[in-house]
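For reference, coords.cif is printed below; it contains mmCIF, N, CA and C atoms.
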```cif
data_data
loop_
_atom_site.label_atom_id
_atom_site.label_comp_id
_atom_site.auth_asym_id
_atom_site.auth_seq_id
_atom_site.Cartn_x
_atom_site.Cartn_y
_atom_site.Cartn_z
N LEU P 1 61.30 77.46 127.55
CA LEU P 1 62.04 78.69 127.35
C LEU P 1 61.96 79.57 128.59
N ASN P 2 63.07 80.18 128.92
CA ASN P 2 63.14 81.07 130.06
C ASN P 2 62.69 82.47 129.63
N PRO P 3 61.62 83.02 130.23
CA PRO P 3 61.13 84.33 129.82
C PRO P 3 62.09 85.47 130.10
N HIS P 4 63.12 85.23 130.92
CA HIS P 4 64.09 86.27 131.25
C HIS P 4 65.38 86.15 130.44
N GLU P 5 65.50 85.10 129.68
CA GLU P 5 66.68 84.85 128.86
C GLU P 5 66.65 85.74 127.61
N THR P 6 67.80 86.27 127.23
CA THR P 6 67.88 87.07 126.02
C THR P 6 67.83 86.16 124.80
N GLN P 7 67.00 86.55 123.84
CA GLN P 7 66.83 85.76 122.62
C GLN P 7 67.00 86.65 121.40
N ALA P 8 67.33 86.04 120.28
CA ALA P 8 67.45 86.77 119.02
C ALA P 8 66.08 86.86 118.37
N ALA P 9 65.57 88.07 118.26
CA ALA P 9 64.29 88.31 117.59
C ALA P 9 64.59 88.72 116.15
N HIS P 10 64.26 87.85 115.21
CA HIS P 10 64.51 88.12 113.80
C HIS P 10 63.39 88.96 113.20
N ILE P 11 63.75 89.97 112.44
CA ILE P 11 62.78 90.86 111.80
C ILE P 11 62.35 90.21 110.49
N ARG P 12 61.06 89.96 110.35
CA ARG P 12 60.55 89.26 109.18
C ARG P 12 59.99 90.21 108.12
N TYR P 13 59.49 91.36 108.53
CA TYR P 13 58.86 92.23 107.54
C TYR P 13 59.90 92.93 106.68
N GLY P 14 59.49 93.34 105.50
CA GLY P 14 60.40 94.04 104.59
C GLY P 14 60.36 95.54 104.83
N ASP P 15 61.44 96.20 104.53
CA ASP P 15 61.51 97.65 104.65
C ASP P 15 62.47 98.18 103.59
N PRO P 16 61.91 98.77 102.54
CA PRO P 16 62.76 99.24 101.43
C PRO P 16 63.75 100.33 101.82
N ARG P 17 63.48 101.04 102.93
CA ARG P 17 64.43 102.09 103.36
C ARG P 17 65.79 101.50 103.68
N TYR P 18 65.82 100.22 104.05
CA TYR P 18 67.07 99.57 104.43
C TYR P 18 67.43 98.42 103.49
N ALA P 19 66.77 98.37 102.34
CA ALA P 19 66.97 97.28 101.38
C ALA P 19 66.73 95.92 102.02
N LYS P 20 65.76 95.88 102.93
CA LYS P 20 65.41 94.62 103.58
C LYS P 20 64.16 94.06 102.92
N ARG P 21 64.28 92.87 102.39
CA ARG P 21 63.12 92.24 101.77
C ARG P 21 62.34 91.46 102.82
N ARG P 22 61.07 91.25 102.52
CA ARG P 22 60.23 90.45 103.42
C ARG P 22 60.74 89.02 103.40
N THR P 23 60.75 88.40 104.57
CA THR P 23 61.18 87.01 104.69
C THR P 23 60.01 86.10 104.33
N GLY P 24 60.27 85.12 103.50
CA GLY P 24 59.23 84.20 103.06
C GLY P 24 58.81 83.21 104.14
N ILE P 25 57.70 82.56 103.88
CA ILE P 25 57.19 81.53 104.80
C ILE P 25 58.21 80.40 104.87
N ALA P 26 58.43 79.90 106.06
CA ALA P 26 59.38 78.80 106.34
C ALA P 26 60.83 79.19 106.02
N GLU P 27 61.10 80.48 105.96
CA GLU P 27 62.45 80.97 105.71
C GLU P 27 62.90 81.80 106.92
N LYS P 28 64.07 81.51 107.43
CA LYS P 28 64.61 82.29 108.55
C LYS P 28 65.32 83.52 108.01
N PRO P 29 65.05 84.69 108.60
CA PRO P 29 65.77 85.88 108.17
C PRO P 29 67.26 85.76 108.52
N SER P 30 68.06 86.48 107.79
CA SER P 30 69.48 86.55 108.09
C SER P 30 69.67 87.07 109.51
N ASP P 31 70.74 86.62 110.16
CA ASP P 31 71.05 87.11 111.51
C ASP P 31 71.37 88.60 111.51
N LEU P 32 71.70 89.16 110.35
CA LEU P 32 71.88 90.61 110.26
C LEU P 32 70.62 91.30 110.75
N TRP P 33 69.46 90.71 110.47
CA TRP P 33 68.17 91.31 110.82
C TRP P 33 67.63 90.73 112.13
N SER P 34 68.40 90.82 113.18
CA SER P 34 67.93 90.35 114.48
C SER P 34 68.33 91.35 115.57
N VAL P 35 67.50 91.40 116.59
CA VAL P 35 67.75 92.26 117.74
C VAL P 35 67.52 91.45 119.01
N PRO P 36 68.19 91.79 120.10
CA PRO P 36 68.00 91.04 121.35
C PRO P 36 66.71 91.46 122.05
N LEU P 37 65.96 90.47 122.51
CA LEU P 37 64.77 90.70 123.33
C LEU P 37 64.73 89.64 124.42
N CYS P 38 64.14 89.97 125.56
CA CYS P 38 63.94 88.94 126.58
C CYS P 38 62.86 87.99 126.07
N GLY P 39 62.86 86.77 126.58
CA GLY P 39 61.92 85.76 126.13
C GLY P 39 60.46 86.17 126.26
N ALA P 40 60.12 86.88 127.34
CA ALA P 40 58.74 87.30 127.54
C ALA P 40 58.29 88.28 126.45
N TRP P 41 59.15 89.19 126.07
CA TRP P 41 58.78 90.14 125.02
C TRP P 41 58.88 89.52 123.64
N HIS P 42 59.71 88.51 123.49
CA HIS P 42 59.90 87.88 122.19
C HIS P 42 58.84 86.83 121.90
N LEU P 43 58.71 85.83 122.77
CA LEU P 43 57.87 84.67 122.45
C LEU P 43 56.76 84.35 123.43
N THR P 44 56.98 84.49 124.72
CA THR P 44 56.10 83.84 125.68
C THR P 44 55.10 84.73 126.40
N GLY P 45 55.33 86.00 126.49
CA GLY P 45 54.44 86.87 127.25
C GLY P 45 53.15 87.19 126.51
N LYS P 46 52.17 87.74 127.24
CA LYS P 46 50.88 88.12 126.65
C LYS P 46 51.06 89.09 125.49
N GLN P 47 51.99 90.02 125.66
CA GLN P 47 52.20 91.03 124.63
C GLN P 47 53.49 90.78 123.85
N ALA P 48 53.83 89.51 123.65
CA ALA P 48 55.06 89.15 122.95
C ALA P 48 55.00 89.54 121.48
N GLN P 49 56.15 89.81 120.93
CA GLN P 49 56.27 90.19 119.52
C GLN P 49 55.64 89.13 118.61
N HIS P 50 55.81 87.86 118.94
CA HIS P 50 55.28 86.79 118.10
C HIS P 50 53.76 86.65 118.19
N ASN P 51 53.14 87.34 119.13
CA ASN P 51 51.69 87.23 119.31
C ASN P 51 50.92 88.38 118.68
N SER P 52 51.57 89.18 117.87
CA SER P 52 50.89 90.33 117.27
C SER P 52 51.50 90.67 115.92
N ASN P 53 50.97 91.72 115.30
CA ASN P 53 51.52 92.21 114.05
C ASN P 53 52.92 92.76 114.35
N GLU P 54 53.91 92.18 113.72
CA GLU P 54 55.30 92.53 114.04
C GLU P 54 55.61 94.01 113.86
N ARG P 55 55.25 94.55 112.71
CA ARG P 55 55.57 95.96 112.44
C ARG P 55 54.88 96.87 113.46
N MET P 56 53.61 96.59 113.75
CA MET P 56 52.87 97.41 114.72
C MET P 56 53.46 97.27 116.12
N TRP P 57 53.92 96.07 116.47
CA TRP P 57 54.51 95.84 117.78
C TRP P 57 55.69 96.78 118.00
N TRP P 58 56.56 96.88 117.00
CA TRP P 58 57.73 97.75 117.12
C TRP P 58 57.32 99.23 117.11
N LEU P 59 56.36 99.59 116.24
CA LEU P 59 55.90 100.98 116.17
C LEU P 59 55.32 101.44 117.51
N GLU P 60 54.53 100.58 118.15
CA GLU P 60 53.92 100.91 119.44
C GLU P 60 54.98 101.18 120.51
N ARG P 61 56.15 100.65 120.35
CA ARG P 61 57.23 100.85 121.32
C ARG P 61 58.20 101.94 120.90
N GLY P 62 57.97 102.53 119.73
CA GLY P 62 58.82 103.62 119.26
C GLY P 62 60.22 103.18 118.89
N ILE P 63 60.33 101.94 118.43
CA ILE P 63 61.64 101.38 118.08
C ILE P 63 61.65 100.99 116.61
N ASP P 64 62.69 101.37 115.90
CA ASP P 64 62.89 100.89 114.52
C ASP P 64 63.89 99.75 114.62
N PRO P 65 63.42 98.50 114.57
CA PRO P 65 64.33 97.38 114.78
C PRO P 65 65.37 97.24 113.67
N CYS P 66 65.07 97.76 112.49
CA CYS P 66 66.05 97.67 111.40
C CYS P 66 67.27 98.53 111.71
N VAL P 67 67.04 99.72 112.27
CA VAL P 67 68.15 100.59 112.66
C VAL P 67 68.99 99.92 113.74
N VAL P 68 68.31 99.33 114.73
CA VAL P 68 69.02 98.66 115.82
C VAL P 68 69.83 97.48 115.27
N ALA P 69 69.20 96.67 114.42
CA ALA P 69 69.89 95.50 113.87
C ALA P 69 71.11 95.91 113.04
N LEU P 70 70.96 96.93 112.21
CA LEU P 70 72.09 97.38 111.39
C LEU P 70 73.22 97.94 112.25
N ALA P 71 72.88 98.66 113.31
CA ALA P 71 73.92 99.20 114.20
C ALA P 71 74.66 98.08 114.91
N LEU P 72 73.92 97.09 115.39
CA LEU P 72 74.57 95.97 116.05
C LEU P 72 75.46 95.20 115.08
N TRP P 73 74.98 94.97 113.86
CA TRP P 73 75.75 94.24 112.86
C TRP P 73 77.02 95.01 112.49
N ALA P 74 76.90 96.33 112.33
CA ALA P 74 78.06 97.15 111.99
C ALA P 74 79.10 97.10 113.10
N HIS P 75 78.63 97.00 114.34
CA HIS P 75 79.57 96.98 115.47
C HIS P 75 80.23 95.61 115.66
N THR P 76 79.43 94.55 115.48
CA THR P 76 79.96 93.20 115.76
C THR P 76 80.31 92.41 114.52
N GLY P 77 79.56 92.63 113.43
CA GLY P 77 79.80 91.88 112.19
C GLY P 77 79.33 90.44 112.27
N ASP P 78 78.59 90.11 113.30
CA ASP P 78 78.02 88.75 113.40
C ASP P 78 76.72 88.77 114.14
#
```

Could the structure of this file be written out as structure tokens, please?
Amino acid sequence: LNPHETQAAHIRYGDPRYAKRRTGIAEKPSDLWSVPLCGAWHLTGKQAQHNSNERMWWLERGIDPCVVALALWAHTGD
């Protein structure tokens, strides 16, 4: 994987504010619940989203990924 390539980061945790349910084990979240991240921040870097508590990772960066995902989905529909 290229650490500079943009990747789809799927949001797995649930958030009742957006009617988003938690994604089950071995279940891929809907693409509605995804945001773009570079590979290093998504999967491969020391501080990658996949290497820590997902909800805390986003909170530490001051980003609500559900808001971003819903805005992108509303704009593109895919």

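Checking P:Glu54, P:Asp15, P:His10, P:Ala74 one by one against Ser30 of chain P, counting only N, CA and C atoms, you find the shortest gap at P:His10.
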
Could you pull the residues within 8 Å of Arg21 of chain P, counting only N, CA and C atoms, minus those fewer than 6 positions along the same chain, as an mmCIF file with N, CA and C atoms, in the frame of the given file?
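Once written, part_13.cif looks like this:
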```cif
data_model
loop_
_atom_site.group_PDB
_atom_site.id
_atom_site.type_symbol
_atom_site.label_atom_id
_atom_site.label_comp_id
_atom_site.auth_asym_id
_atom_site.auth_seq_id
_atom_site.Cartn_x
_atom_site.Cartn_y
_atom_site.Cartn_z
ATOM 1 N N ILE P 11 63.750 89.970 112.440
ATOM 2 C CA ILE P 11 62.780 90.860 111.800
ATOM 3 C C ILE P 11 62.350 90.210 110.490
ATOM 4 N N ARG P 12 61.060 89.960 110.350
ATOM 5 C CA ARG P 12 60.550 89.260 109.180
ATOM 6 C C ARG P 12 59.990 90.210 108.120
ATOM 7 N N TYR P 13 59.490 91.360 108.530
ATOM 8 C CA TYR P 13 58.860 92.230 107.540
ATOM 9 C C TYR P 13 59.900 92.930 106.680
ATOM 10 N N GLY P 14 59.490 93.340 105.500
ATOM 11 C CA GLY P 14 60.400 94.040 104.590
ATOM 12 C C GLY P 14 60.360 95.540 104.830
ATOM 13 N N ASP P 15 61.440 96.200 104.530
ATOM 14 C CA ASP P 15 61.510 97.650 104.650
ATOM 15 C C ASP P 15 62.470 98.180 103.590
#
```

On this file, the PyMOL selection byres ((chain P and resi 38) around 5) gives some set of residues; write that set as a PyMOL selection string.
chain P and resi 3-7+36-37+39-42

Just checking: using only C-alpha atoms, which residue out of P:Lys20, P:Pro65, P:Ala9, P:Leu72 ends up closest to Ala48 of chain P?
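Looking only at the distances to Ala48 of chain P, the closest residue turns out to be P:Ala9.
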
Given the file shown, enumerate the residues that the PyMOL selection byres (((chain P and resi 33 and name CA) around 8) and name CA) captures and present them as a list in words.
His10, Ile11, Pro29, Ser30, Asp31, Leu32, Ser34, Val35, Cys66, Ala69 and Leu70 of chain P

Atom CA of Thr76 of chain P to atom CA of Leu59 of chain P: how many Å, to one decimal?
25.3 Å

Which parts of segment 7-44 of chain P does DSSP call helix (DSSP H, G or I) when run on the backbone here, written out as a list in words?
Pro16, Arg17, Tyr18, Asp31, Leu32, Trp33, Gly39, Ala40, Trp41, His42, Leu43 and Thr44 of chain P

Next, write the just-selected residues to a file, as a PDB file, in the coordinates of the input, keeping N, CA and C atoms as the atom set.
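Final output, selection20.pdb:
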```
ATOM      1  N   PRO P  16      61.910  98.770 102.540  1.00  0.00           N
ATOM      2  CA  PRO P  16      62.760  99.240 101.430  1.00  0.00           C
ATOM      3  C   PRO P  16      63.750 100.330 101.820  1.00  0.00           C
ATOM      4  N   ARG P  17      63.480 101.040 102.930  1.00  0.00           N
ATOM      5  CA  ARG P  17      64.430 102.090 103.360  1.00  0.00           C
ATOM      6  C   ARG P  17      65.790 101.500 103.680  1.00  0.00           C
ATOM      7  N   TYR P  18      65.820 100.220 104.050  1.00  0.00           N
ATOM      8  CA  TYR P  18      67.070  99.570 104.430  1.00  0.00           C
ATOM      9  C   TYR P  18      67.430  98.420 103.490  1.00  0.00           C
ATOM     10  N   ASP P  31      70.740  86.620 110.160  1.00  0.00           N
ATOM     11  CA  ASP P  31      71.050  87.110 111.510  1.00  0.00           C
ATOM     12  C   ASP P  31      71.370  88.600 111.510  1.00  0.00           C
ATOM     13  N   LEU P  32      71.700  89.160 110.350  1.00  0.00           N
ATOM     14  CA  LEU P  32      71.880  90.610 110.260  1.00  0.00           C
ATOM     15  C   LEU P  32      70.620  91.300 110.750  1.00  0.00           C
ATOM     16  N   TRP P  33      69.460  90.710 110.470  1.00  0.00           N
ATOM     17  CA  TRP P  33      68.170  91.310 110.820  1.00  0.00           C
ATOM     18  C   TRP P  33      67.630  90.730 112.130  1.00  0.00           C
ATOM     19  N   GLY P  39      62.860  86.770 126.580  1.00  0.00           N
ATOM     20  CA  GLY P  39      61.920  85.760 126.130  1.00  0.00           C
ATOM     21  C   GLY P  39      60.460  86.170 126.260  1.00  0.00           C
ATOM     22  N   ALA P  40      60.120  86.880 127.340  1.00  0.00           N
ATOM     23  CA  ALA P  40      58.740  87.300 127.540  1.00  0.00           C
ATOM     24  C   ALA P  40      58.290  88.280 126.450  1.00  0.00           C
ATOM     25  N   TRP P  41      59.150  89.190 126.070  1.00  0.00           N
ATOM     26  CA  TRP P  41      58.780  90.140 125.020  1.00  0.00           C
ATOM     27  C   TRP P  41      58.880  89.520 123.640  1.00  0.00           C
ATOM     28  N   HIS P  42      59.710  88.510 123.490  1.00  0.00           N
ATOM     29  CA  HIS P  42      59.900  87.880 122.190  1.00  0.00           C
ATOM     30  C   HIS P  42      58.840  86.830 121.900  1.00  0.00           C
ATOM     31  N   LEU P  43      58.710  85.830 122.770  1.00  0.00           N
ATOM     32  CA  LEU P  43      57.870  84.670 122.450  1.00  0.00           C
ATOM     33  C   LEU P  43      56.760  84.350 123.430  1.00  0.00           C
ATOM     34  N   THR P  44      56.980  84.490 124.720  1.00  0.00           N
ATOM     35  CA  THR P  44      56.100  83.840 125.680  1.00  0.00           C
ATOM     36  C   THR P  44      55.100  84.730 126.400  1.00  0.00           C
TER      37      THR P  44
END
```

Find the distance between atom CA of Ala8 of chain P and atom CA of Glu27 of chain P and write it in Å to one decimal.
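Taking atom CA of Ala8 of chain P and atom CA of Glu27 of chain P, their separation equals 15.4 Å.
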
Record the distance separating atom C of Pro16 of chain P and atom CA of Leu43 of chain P, expressed in Å with one decimal.
26.6 Å

So which residues of chain P fall under strand (DSSP E) by DSSP, listed as a ChimeraX atom specification?
/P:6-10,34-38

With 6 Å on each side, where is the centre of the axis-aligned box around all listed atoms of segment 25-41 of chain P, and how long are its edges in Å to one decimal, as lines of an AutoDock Vina configuration file?
```
center_x = 64.5
center_y = 85.5
center_z = 115.7
size_x = 26.7
size_y = 25.5
size_z = 35.7
```
